[in-house]
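Visitor: Pasting structure.pdb here (PDB, C-alpha atoms):
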```pdb
ATOM      1  CA  MET A  10       8.001 -18.151 -15.833
ATOM      2  CA  PRO A  11      10.511 -15.923 -17.597
ATOM      3  CA  ARG A  12       8.127 -13.154 -18.576
ATOM      4  CA  ASP A  13       6.900 -12.373 -15.091
ATOM      5  CA  THR A  14       7.567  -8.757 -14.279
ATOM      6  CA  THR A  15       8.090  -9.267 -10.607
ATOM      7  CA  THR A  16       8.691  -6.346  -8.287
ATOM      8  CA  THR A  17       9.822  -8.539  -5.438
ATOM      9  CA  PRO A  18      13.635  -8.305  -5.343
ATOM     10  CA  ALA A  19      14.604  -5.449  -3.060
ATOM     11  CA  PRO A  20      18.263  -4.402  -3.210
ATOM     12  CA  THR A  21      18.570  -3.156   0.361
ATOM     13  CA  GLY A  22      16.021  -3.190   3.124
ATOM     14  CA  ILE A  23      15.234  -1.157   6.190
ATOM     15  CA  ASP A  24      13.689  -2.152   9.489
ATOM     16  CA  PRO A  25       9.920  -1.862   8.821
ATOM     17  CA  ARG A  26       9.345  -0.670  12.374
ATOM     18  CA  GLY A  27      11.437   2.458  11.728
ATOM     19  CA  PRO A  28       8.943   4.282   9.475
ATOM     20  CA  ARG A  29       6.092   3.323  11.809
ATOM     21  CA  VAL A  30       7.810   4.738  14.881
ATOM     22  CA  GLY A  31       8.700   7.804  12.816
ATOM     23  CA  ALA A  32       5.056   8.176  11.749
ATOM     24  CA  GLY A  33       4.053   8.051  15.422
ATOM     25  CA  ILE A  34       6.456  10.893  16.260
ATOM     26  CA  THR A  35       5.190  12.871  13.246
ATOM     27  CA  ALA A  36       1.565  12.289  14.281
ATOM     28  CA  GLY A  37       2.414  13.709  17.724
ATOM     29  CA  LEU A  38       3.880  16.857  16.156
ATOM     30  CA  LEU A  39       0.866  17.209  13.844
ATOM     31  CA  ALA A  40      -1.486  16.852  16.835
ATOM     32  CA  VAL A  41       0.272  19.857  18.387
ATOM     33  CA  VAL A  42      -0.212  21.796  15.111
ATOM     34  CA  VAL A  43      -3.939  20.996  15.265
ATOM     35  CA  LEU A  44      -4.055  22.216  18.889
ATOM     36  CA  LEU A  45      -2.241  25.429  17.954
ATOM     37  CA  GLY A  46      -4.960  26.115  15.372
ATOM     38  CA  PRO A  47      -4.694  28.801  12.693
ATOM     39  CA  SER A  48      -1.790  30.587  14.372
ATOM     40  CA  ARG A  49       1.741  31.658  13.545
ATOM     41  CA  ALA A  50       3.156  29.025  15.895
ATOM     42  CA  GLY A  51       1.067  26.339  14.163
ATOM     43  CA  LEU A  52       2.353  27.439  10.772
ATOM     44  CA  ALA A  53       5.954  27.342  12.016
ATOM     45  CA  LEU A  54       5.608  23.827  13.426
ATOM     46  CA  LEU A  55       3.824  22.590  10.286
ATOM     47  CA  ALA A  56       6.682  24.028   8.205
ATOM     48  CA  LEU A  57       9.112  22.048  10.384
ATOM     49  CA  VAL A  58       7.130  18.834   9.820
ATOM     50  CA  ALA A  59       6.973  19.556   6.069
ATOM     51  CA  ALA A  60      10.761  20.058   6.024
ATOM     52  CA  GLY A  61      11.081  16.619   7.630
ATOM     53  CA  PHE A  62       8.882  15.097   4.927
ATOM     54  CA  LEU A  63      11.044  16.812   2.274
ATOM     55  CA  LEU A  64      14.102  15.163   3.826
ATOM     56  CA  GLY A  65      12.284  11.818   3.786
ATOM     57  CA  ALA A  66      11.098  12.226   0.198
ATOM     58  CA  VAL A  67      14.677  12.879  -0.946
ATOM     59  CA  ARG A  68      16.651  10.507   1.304
ATOM     60  CA  GLY A  69      14.025   7.950   2.300
ATOM     61  CA  ALA A  70      12.241   7.587   5.642
ATOM     62  CA  GLU A  71      15.466   6.420   7.302
ATOM     63  CA  GLY A  72      17.118   9.736   6.408
ATOM     64  CA  THR A  73      14.771  11.836   8.548
ATOM     65  CA  VAL A  74      15.216  13.034  12.119
ATOM     66  CA  GLN A  75      12.520  10.513  13.106
ATOM     67  CA  GLY A  76      14.536   7.755  11.427
ATOM     68  CA  TRP A  77      17.616   8.817  13.356
ATOM     69  CA  LEU A  78      15.659   8.848  16.631
ATOM     70  CA  PHE A  79      14.475   5.293  15.898
ATOM     71  CA  ARG A  80      17.965   4.010  15.118
ATOM     72  CA  THR A  81      19.568   5.747  18.086
ATOM     73  CA  PHE A  82      17.021   5.277  20.866
ATOM     74  CA  VAL A  83      14.522   2.578  19.865
ATOM     75  CA  ARG A  84      16.300  -0.038  17.777
ATOM     76  CA  PRO A  85      19.086  -0.793  20.311
ATOM     77  CA  ARG A  86      16.366  -1.630  22.858
ATOM     78  CA  ILE A  87      14.244  -3.996  20.738
ATOM     79  CA  ALA A  88      14.841  -7.339  19.071
ATOM     80  CA  PRO A  89      16.367  -7.379  15.573
ATOM     81  CA  PRO A  90      13.791  -7.194  12.768
ATOM     82  CA  VAL A  91      12.258 -10.452  11.535
ATOM     83  CA  GLU A  92      12.559  -9.225   7.975
ATOM     84  CA  LEU A  93      13.668  -6.114   6.163
ATOM     85  CA  GLU A  94      11.391  -3.946   4.061
ATOM     86  CA  ASP A  95      11.826  -2.209   0.731
ATOM     87  CA  ARG A  96      12.776   1.465   1.140
ATOM     88  CA  ARG A  97      10.469   2.669  -1.632
ATOM     89  CA  PRO A  98       7.019   2.346   0.018
ATOM     90  CA  PRO A  99       7.892   4.457   3.096
ATOM     91  CA  ARG A 100       9.605   6.969   0.843
ATOM     92  CA  PHE A 101       6.429   7.308  -1.221
ATOM     93  CA  ALA A 102       4.496   7.924   2.003
ATOM     94  CA  GLN A 103       6.963  10.713   2.863
ATOM     95  CA  LEU A 104       6.221  12.272  -0.536
ATOM     96  CA  VAL A 105       2.466  12.178   0.166
ATOM     97  CA  GLY A 106       3.114  13.765   3.579
ATOM     98  CA  LEU A 107       5.161  16.490   1.907
ATOM     99  CA  ALA A 108       2.355  17.222  -0.586
ATOM    100  CA  VAL A 109      -0.276  17.568   2.153
ATOM    101  CA  THR A 110       1.740  19.536   4.727
ATOM    102  CA  GLY A 111       3.500  21.547   2.004
ATOM    103  CA  ALA A 112       0.102  22.669   0.670
ATOM    104  CA  GLY A 113      -0.866  23.722   4.208
ATOM    105  CA  VAL A 114       2.335  25.744   4.643
ATOM    106  CA  VAL A 115       2.019  27.464   1.243
ATOM    107  CA  LEU A 116      -1.643  28.349   1.819
ATOM    108  CA  GLY A 117      -0.801  29.543   5.341
ATOM    109  CA  LEU A 118       1.888  31.841   3.948
ATOM    110  CA  LEU A 119      -0.530  33.095   1.277
ATOM    111  CA  GLY A 120      -2.934  34.270   3.972
ATOM    112  CA  VAL A 121      -5.226  31.253   4.407
ATOM    113  CA  PRO A 122      -4.462  30.412   8.052
ATOM    114  CA  ALA A 123      -7.309  27.882   8.264
ATOM    115  CA  ALA A 124      -5.391  25.644   5.834
ATOM    116  CA  VAL A 125      -2.729  25.021   8.492
ATOM    117  CA  PRO A 126      -4.830  22.965  10.954
ATOM    118  CA  TRP A 127      -6.699  21.329   8.038
ATOM    119  CA  ALA A 128      -3.514  20.073   6.395
ATOM    120  CA  ALA A 129      -2.180  19.024   9.793
ATOM    121  CA  GLY A 130      -5.418  17.139  10.499
ATOM    122  CA  ILE A 131      -5.336  15.197   7.220
ATOM    123  CA  ALA A 132      -1.653  14.362   7.650
ATOM    124  CA  PHE A 133      -2.314  13.411  11.291
ATOM    125  CA  VAL A 134      -4.868  10.766  10.261
ATOM    126  CA  ALA A 135      -2.512   9.336   7.603
ATOM    127  CA  ALA A 136       0.503   9.283   9.938
ATOM    128  CA  GLY A 137      -1.620   7.883  12.772
ATOM    129  CA  LEU A 138      -2.882   5.056  10.542
ATOM    130  CA  ASN A 139       0.652   4.301   9.427
ATOM    131  CA  ALA A 140       1.854   4.117  13.040
ATOM    132  CA  ALA A 141      -1.132   2.215  14.441
ATOM    133  CA  VAL A 142      -2.018  -0.363  11.771
ATOM    134  CA  GLY A 143       0.806  -0.017   9.245
ATOM    135  CA  LEU A 144      -1.368   1.575   6.557
ATOM    136  CA  CYS A 145       0.650   1.635   3.338
ATOM    137  CA  LEU A 146      -0.101   4.833   1.423
ATOM    138  CA  GLY A 147       1.751   3.565  -1.636
ATOM    139  CA  CYS A 148      -0.715   0.657  -1.820
ATOM    140  CA  GLU A 149      -3.807   2.833  -1.587
ATOM    141  CA  LEU A 150      -2.831   5.913  -3.562
ATOM    142  CA  TYR A 151      -0.126   5.041  -6.068
ATOM    143  CA  LEU A 152      -2.236   3.009  -8.476
ATOM    144  CA  LEU A 153      -5.054   5.577  -8.309
ATOM    145  CA  GLY A 154      -2.509   8.263  -9.177
ATOM    146  CA  VAL A 155      -1.131   6.289 -12.108
ATOM    147  CA  ARG A 156      -4.646   5.610 -13.368
ATOM    148  CA  LEU A 157      -5.594   9.286 -13.176
ATOM    149  CA  ARG A 158      -2.340  10.329 -14.844
ATOM    150  CA  THR A 159      -2.869   7.966 -17.744
ATOM    151  CA  ALA A 160      -6.675   8.238 -17.878
ATOM    152  CA  GLY A 161      -6.799   9.871 -21.301
ATOM    153  CA  ARG A 162      -4.011   7.777 -22.753
ATOM    154  CA  THR A 163      -5.344   4.243 -22.596
ATOM    155  CA  THR A 164      -7.264   3.422 -25.721
ATOM    156  CA  GLY A 165      -8.188   0.212 -27.472
ATOM    157  CA  ALA A 166      -4.781   0.272 -29.130
ATOM    158  CA  THR A 167      -2.969  -0.635 -25.927
ATOM    159  CA  ARG A 168      -5.221  -3.583 -25.211
ATOM    160  CA  ARG A 169      -4.290  -7.047 -26.204
TER     161      ARG A 169
ATOM    162  CA  MET B  77      -8.438  25.748  22.654
ATOM    163  CA  THR B  78     -11.510  23.652  23.508
ATOM    164  CA  THR B  79     -12.508  23.723  19.828
ATOM    165  CA  GLN B  80      -9.065  22.461  18.837
ATOM    166  CA  LEU B  81      -9.235  19.723  21.449
ATOM    167  CA  GLY B  82     -12.597  18.651  20.035
ATOM    168  CA  VAL B  83     -11.158  18.631  16.523
ATOM    169  CA  LEU B  84      -8.211  16.518  17.650
ATOM    170  CA  GLY B  85     -10.579  14.109  19.402
ATOM    171  CA  ALA B  86     -12.623  13.782  16.204
ATOM    172  CA  LEU B  87      -9.436  13.168  14.191
ATOM    173  CA  VAL B  88      -8.364  10.394  16.581
ATOM    174  CA  LEU B  89     -11.827   8.837  16.249
ATOM    175  CA  VAL B  90     -11.606   8.971  12.431
ATOM    176  CA  THR B  91      -8.157   7.342  12.598
ATOM    177  CA  VAL B  92      -9.429   4.519  14.812
ATOM    178  CA  VAL B  93     -12.512   3.827  12.661
ATOM    179  CA  VAL B  94     -10.628   3.944   9.338
ATOM    180  CA  GLY B  95      -7.830   1.849  10.816
ATOM    181  CA  ALA B  96     -10.199  -0.859  12.029
ATOM    182  CA  PHE B  97     -11.980  -0.919   8.663
ATOM    183  CA  TRP B  98      -8.714  -0.998   6.716
ATOM    184  CA  ARG B  99      -7.263  -3.812   8.788
ATOM    185  CA  ARG B 100     -10.388  -5.921   8.416
ATOM    186  CA  ARG B 101     -10.303  -5.547   4.645
ATOM    187  CA  GLN B 102      -6.685  -6.715   4.310
ATOM    188  CA  GLY B 103      -6.601  -9.871   2.250
ATOM    189  CA  SER B 104     -10.267 -10.708   2.718
ATOM    190  CA  VAL B 105     -11.330 -13.059  -0.065
ATOM    191  CA  ARG B 106     -14.266 -12.169  -2.300
ATOM    192  CA  THR B 107     -15.608 -15.009  -4.383
ATOM    193  CA  VAL B 108     -17.763 -12.828  -6.614
ATOM    194  CA  PRO B 109     -15.481 -10.998  -9.024
ATOM    195  CA  VAL B 110     -16.116  -7.290  -9.441
ATOM    196  CA  ARG B 111     -16.306  -7.573 -13.204
ATOM    197  CA  GLN B 112     -17.122 -11.033 -14.306
ATOM    198  CA  GLY B 113     -17.300 -10.173 -17.978
ATOM    199  CA  ALA B 114     -13.647  -9.196 -18.337
ATOM    200  CA  ALA B 115     -12.096 -12.194 -20.052
ATOM    201  CA  VAL B 116      -8.318 -11.869 -20.120
ATOM    202  CA  ASP B 117      -5.989 -13.579 -22.572
ATOM    203  CA  TRP B 118      -3.408 -14.722 -20.023
ATOM    204  CA  ALA B 119      -1.329 -16.624 -22.561
ATOM    205  CA  ALA B 120      -0.825 -13.391 -24.542
ATOM    206  CA  ARG B 121       0.701 -11.878 -21.385
ATOM    207  CA  GLY B 122       3.122 -14.763 -21.109
ATOM    208  CA  LEU B 123       1.444 -16.424 -18.150
ATOM    209  CA  ASP B 124       1.277 -20.185 -18.033
ATOM    210  CA  LEU B 125      -1.760 -21.133 -15.990
ATOM    211  CA  GLY B 126      -1.790 -23.840 -13.361
ATOM    212  CA  GLU B 127      -3.786 -26.952 -14.083
ATOM    213  CA  ARG B 128      -5.892 -26.495 -10.972
ATOM    214  CA  ALA B 129      -5.546 -22.834 -10.044
ATOM    215  CA  THR B 130      -3.453 -19.705 -10.616
ATOM    216  CA  PHE B 131      -2.727 -16.691  -8.415
ATOM    217  CA  VAL B 132      -2.241 -13.527 -10.461
ATOM    218  CA  GLN B 133      -0.853 -10.874  -8.139
ATOM    219  CA  LEU B 134      -0.862  -7.220  -9.206
ATOM    220  CA  SER B 135       1.907  -5.370  -7.384
ATOM    221  CA  ALA B 136       3.661  -2.015  -7.330
ATOM    222  CA  ALA B 137       7.162  -0.979  -6.301
ATOM    223  CA  VAL B 138       5.836   1.384  -3.620
ATOM    224  CA  CYS B 139       3.747  -1.345  -1.965
ATOM    225  CA  ALA B 140       5.261  -2.932   1.140
ATOM    226  CA  PRO B 141       2.785  -5.807   1.753
ATOM    227  CA  CYS B 142       3.171  -6.889  -1.904
ATOM    228  CA  ARG B 143       6.514  -8.540  -1.033
ATOM    229  CA  ALA B 144       5.139 -10.478   1.909
ATOM    230  CA  THR B 145       2.025 -11.483  -0.057
ATOM    231  CA  ALA B 146       4.182 -12.723  -2.950
ATOM    232  CA  ARG B 147       6.131 -14.908  -0.499
ATOM    233  CA  VAL B 148       2.949 -16.328   0.999
ATOM    234  CA  LEU B 149       1.415 -17.135  -2.395
ATOM    235  CA  ARG B 150       4.649 -18.543  -3.821
ATOM    236  CA  ASP B 151       4.998 -20.856  -0.834
ATOM    237  CA  LEU B 152       1.455 -22.118  -1.283
ATOM    238  CA  ALA B 153       1.889 -22.559  -5.044
ATOM    239  CA  ASP B 154       5.108 -24.501  -4.450
ATOM    240  CA  ARG B 155       3.410 -26.878  -2.051
ATOM    241  CA  GLU B 156       0.296 -27.480  -4.153
ATOM    242  CA  ALA B 157       0.498 -29.440  -7.383
ATOM    243  CA  GLY B 158      -1.041 -27.696 -10.384
ATOM    244  CA  VAL B 159      -1.063 -24.272  -8.732
ATOM    245  CA  GLU B 160       0.922 -21.335 -10.144
ATOM    246  CA  HIS B 161       1.753 -17.875  -8.848
ATOM    247  CA  HIS B 162       2.524 -14.888 -11.080
ATOM    248  CA  GLU B 163       3.326 -11.359 -10.010
ATOM    249  CA  LEU B 164       2.671  -8.504 -12.445
ATOM    250  CA  ASP B 165       3.721  -4.874 -12.096
ATOM    251  CA  VAL B 166       0.639  -2.635 -12.427
ATOM    252  CA  GLU B 167       2.735  -0.081 -14.269
ATOM    253  CA  GLU B 168       3.279  -2.527 -17.126
ATOM    254  CA  HIS B 169      -0.277  -3.845 -17.170
ATOM    255  CA  LEU B 170      -2.354  -0.680 -16.882
ATOM    256  CA  ASP B 171      -4.930  -1.871 -19.399
ATOM    257  CA  LEU B 172      -5.506  -4.985 -17.329
ATOM    258  CA  VAL B 173      -5.754  -2.898 -14.148
ATOM    259  CA  ARG B 174      -8.391  -0.722 -15.840
ATOM    260  CA  ASP B 175     -10.368  -3.618 -17.319
ATOM    261  CA  LEU B 176     -10.545  -5.349 -13.968
ATOM    262  CA  GLY B 177     -11.253  -2.207 -11.956
ATOM    263  CA  VAL B 178      -8.211  -2.657  -9.724
ATOM    264  CA  LEU B 179      -7.685   0.312  -7.383
ATOM    265  CA  ARG B 180      -5.070  -0.810  -4.883
ATOM    266  CA  THR B 181      -2.089  -3.097  -4.506
ATOM    267  CA  PRO B 182      -1.647  -5.897  -3.919
ATOM    268  CA  THR B 183      -4.738  -7.215  -5.663
ATOM    269  CA  VAL B 184      -4.766 -10.962  -6.133
ATOM    270  CA  LEU B 185      -6.924 -12.679  -8.732
ATOM    271  CA  VAL B 186      -7.503 -16.362  -8.227
ATOM    272  CA  LEU B 187      -8.196 -18.255 -11.443
ATOM    273  CA  ASP B 188      -9.622 -21.744 -11.551
ATOM    274  CA  GLY B 189      -8.285 -24.522 -13.755
ATOM    275  CA  SER B 190     -10.015 -23.106 -16.838
ATOM    276  CA  GLY B 191      -8.519 -19.643 -16.292
ATOM    277  CA  ALA B 192     -11.815 -18.074 -15.181
ATOM    278  CA  HIS B 193     -11.939 -15.703 -12.207
ATOM    279  CA  ALA B 194     -12.902 -17.624  -9.111
ATOM    280  CA  ALA B 195     -11.984 -15.209  -6.348
ATOM    281  CA  ARG B 196     -10.270 -11.947  -5.685
ATOM    282  CA  ALA B 197      -8.568 -10.320  -2.708
ATOM    283  CA  SER B 198      -6.777  -7.047  -2.082
ATOM    284  CA  GLY B 199      -4.379  -5.959   0.614
ATOM    285  CA  GLY B 200      -1.682  -8.028   2.288
ATOM    286  CA  MET B 201      -2.607 -11.715   2.589
ATOM    287  CA  SER B 202      -1.867 -14.129   5.408
ATOM    288  CA  PRO B 203      -1.201 -17.829   4.683
ATOM    289  CA  ALA B 204      -4.707 -18.653   6.004
ATOM    290  CA  GLN B 205      -6.301 -16.133   3.647
ATOM    291  CA  ALA B 206      -4.267 -17.478   0.724
ATOM    292  CA  ARG B 207      -5.489 -20.974   1.585
ATOM    293  CA  ARG B 208      -9.103 -19.751   1.659
ATOM    294  CA  ALA B 209      -8.692 -18.034  -1.704
ATOM    295  CA  LEU B 210      -7.253 -21.198  -3.221
ATOM    296  CA  ASP B 211     -10.054 -23.315  -1.765
ATOM    297  CA  ALA B 212     -12.572 -20.943  -3.346
ATOM    298  CA  ALA B 213     -10.999 -21.532  -6.767
ATOM    299  CA  LEU B 214     -10.743 -25.299  -6.307
ATOM    300  CA  SER B 215     -14.299 -25.761  -5.029
ATOM    301  CA  GLY B 216     -15.641 -23.656  -7.897
ATOM    302  CA  ALA B 217     -13.922 -25.954 -10.396
ATOM    303  CA  GLU B 218     -15.589 -29.023  -8.927
ATOM    304  CA  ARG B 219     -19.078 -27.618  -9.244
ATOM    305  CA  PRO B 220     -20.978 -28.768 -12.369
TER     306      PRO B 220
END
```
Could I get this structure in the form of structure tokens?

Guide:
Amino acid sequence: MPRDTTTTPAPTGIDPRGPRVGAGITAGLLAVVVLLGPSRAGLALLALVAAGFLLGAVRGAEGTVQGWLFRTFVRPRIAPPVELEDRRPPRFAQLVGLAVTGAGVVLGLLGVPAAVPWAAGIAFVAAGLNAAVGLCLGCELYLLGVRLRTAGRTTGATRR
Amino acid sequence: MTTQLGVLGALVLVTVVVGAFWRRRQGSVRTVPVRQGAAVDWAARGLDLGERATFVQLSAAVCAPCRATARVLRDLADREAGVEHHELDVEEHLDLVRDLGVLRTPTVLVLDGSGAHAARASGGMSPAQARRALDAALSGAERP
């Protein structure tokens, strides 16, 4: 099958449990933001979480503080991973996290304090799902995004 | 503070409900295709179909369970005579994705021996679910 456009080969892998543990830590921080409500302290903590997502979006989930915590304190205490995972899906999830929390921070700075707990709440559910059941945001959102981006472009000409 | 605690409680509840729903949907096999009318010219896409059944897996680079699902389906296709597995990148087959109404990855189409849609599943698939999907395609082919 020479014409298969497979996406399977992954150059280097990461321990799939790393991003999930990281998402759990992030969900904890976001829960605190929700509890702080539309306050200055909430905005500051959300900005910190958003900065972490920025780090993850640029360097991958393993390049965040949460990733470091996993490698340093969790991984030495658990069995080696059964299999390694592609770095790209968790990195995409970091990008989604950055978009949501970043929007909350920007709106908070622009004088819409209610946006802070809202953004934190949405990101909390996503991070919580990632930690608890391994929800893969890249699987649910990426194709929708591509379809929206190219919505006007696909015409009969591209069909075979 | 009590309001915020209530909000957080509601958020946890939402997470639990969505999580349970999401996990149950992973890889569940639907035998009635969403759009039956969409006939696809697989040969034009360079896919050689299996004599008995074919798995067409639509994957994306940012999809973690796509890798595991590809392994599961490849293993099954290797063990079963006349069964093929193909993995397509959604990015390169957007028209197909649109025609078939595919919204998430991985989405697996199961074709019977004639190349018609027999079943469909989305989300990561376990070996048992792959087996069920294949059985759906094979039993459909034996019906008159």

Visitor: Taking the file as shown, find all residues satisfying the ChimeraX specification (/A :<7) & /B and write them as a ChimeraX atom specification.

Guide: /B:77,80-81,84,87,91,95,99,122,135-140,143,162-165,171,179-182

Visitor: As a ChimeraX atom specification, please: the residues near B:Arg196 (cut-off 8 Å, all atoms listed in the file, same-chain neighbours under 5 positions excluded).

Guide: /B:105-109,183-186,209

Visitor: Please provide the set of residues having any atom within 9 Å of A:Arg80, restricted to all atoms listed in the file, with same-chain residues fewer than 5 positions apart removed, written as a list in words.

Guide: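 So, after excluding close chain neighbours, the residues are Gly27, Glu71, Gln75 and Pro85 of chain A.
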
Visitor: Got a sec: who's within 12 Å of A:Gly113, counting only C-alpha atoms, leaving out chain neighbours fewer than 2 positions off, as a PyMOL selection string?

Guide: chain A and resi 39+42-43+47+51-59+106-111+115-132

Visitor: For B:Leu125, please output as a list of chain:residue names all residues within 7 Å (counting all atoms listed in the file; exclusion window: fewer than 3 positions along the same chain).

Guide: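 Final neighbour list, sorted by chain and number: B:Thr130, B:Glu160, B:Gly191.
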
Visitor: In file coordinates, which residues lie within 10 Å of (-8.2, -16.8, -0.6) using only C-alpha atoms, given as an NGL selection string?

Guide: :B and (103-107 or 131 or 149 or 184-186 or 194-198 or 201-213)

Visitor: Residues picked by the PyMOL selection byres ((chain A and resi 76) around 10) here, as a list in words?

Guide: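 That selection, the PyMOL selection byres ((chain A and resi 76) around 10), comes back as Arg26, Gly27, Pro28, Arg29, Val30, Gly31, Ala32, Ile34, Gly65, Gly69, Ala70, Glu71, Gly72, Thr73, Val74, Gln75, Trp77, Leu78, Phe79, Arg80, Thr81 and Val83 of chain A.
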
Visitor: If you measure from atom CA of B:Val132 to atom CA of A:Val91, what distance in Å do you get, rounded to one decimal?

Guide: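 Calculated distance between atom CA of B:Val132 and atom CA of A:Val91 is 26.5 Å.
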
Visitor: Pick out the closest residue to A:Ile87 from this set: A:Ala112, A:Ala36, A:Asp24, A:Arg158. Count only C-alpha atoms.

Guide: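 Residue with the minimum atom-to-atom distance to A:Ile87: A:Asp24.
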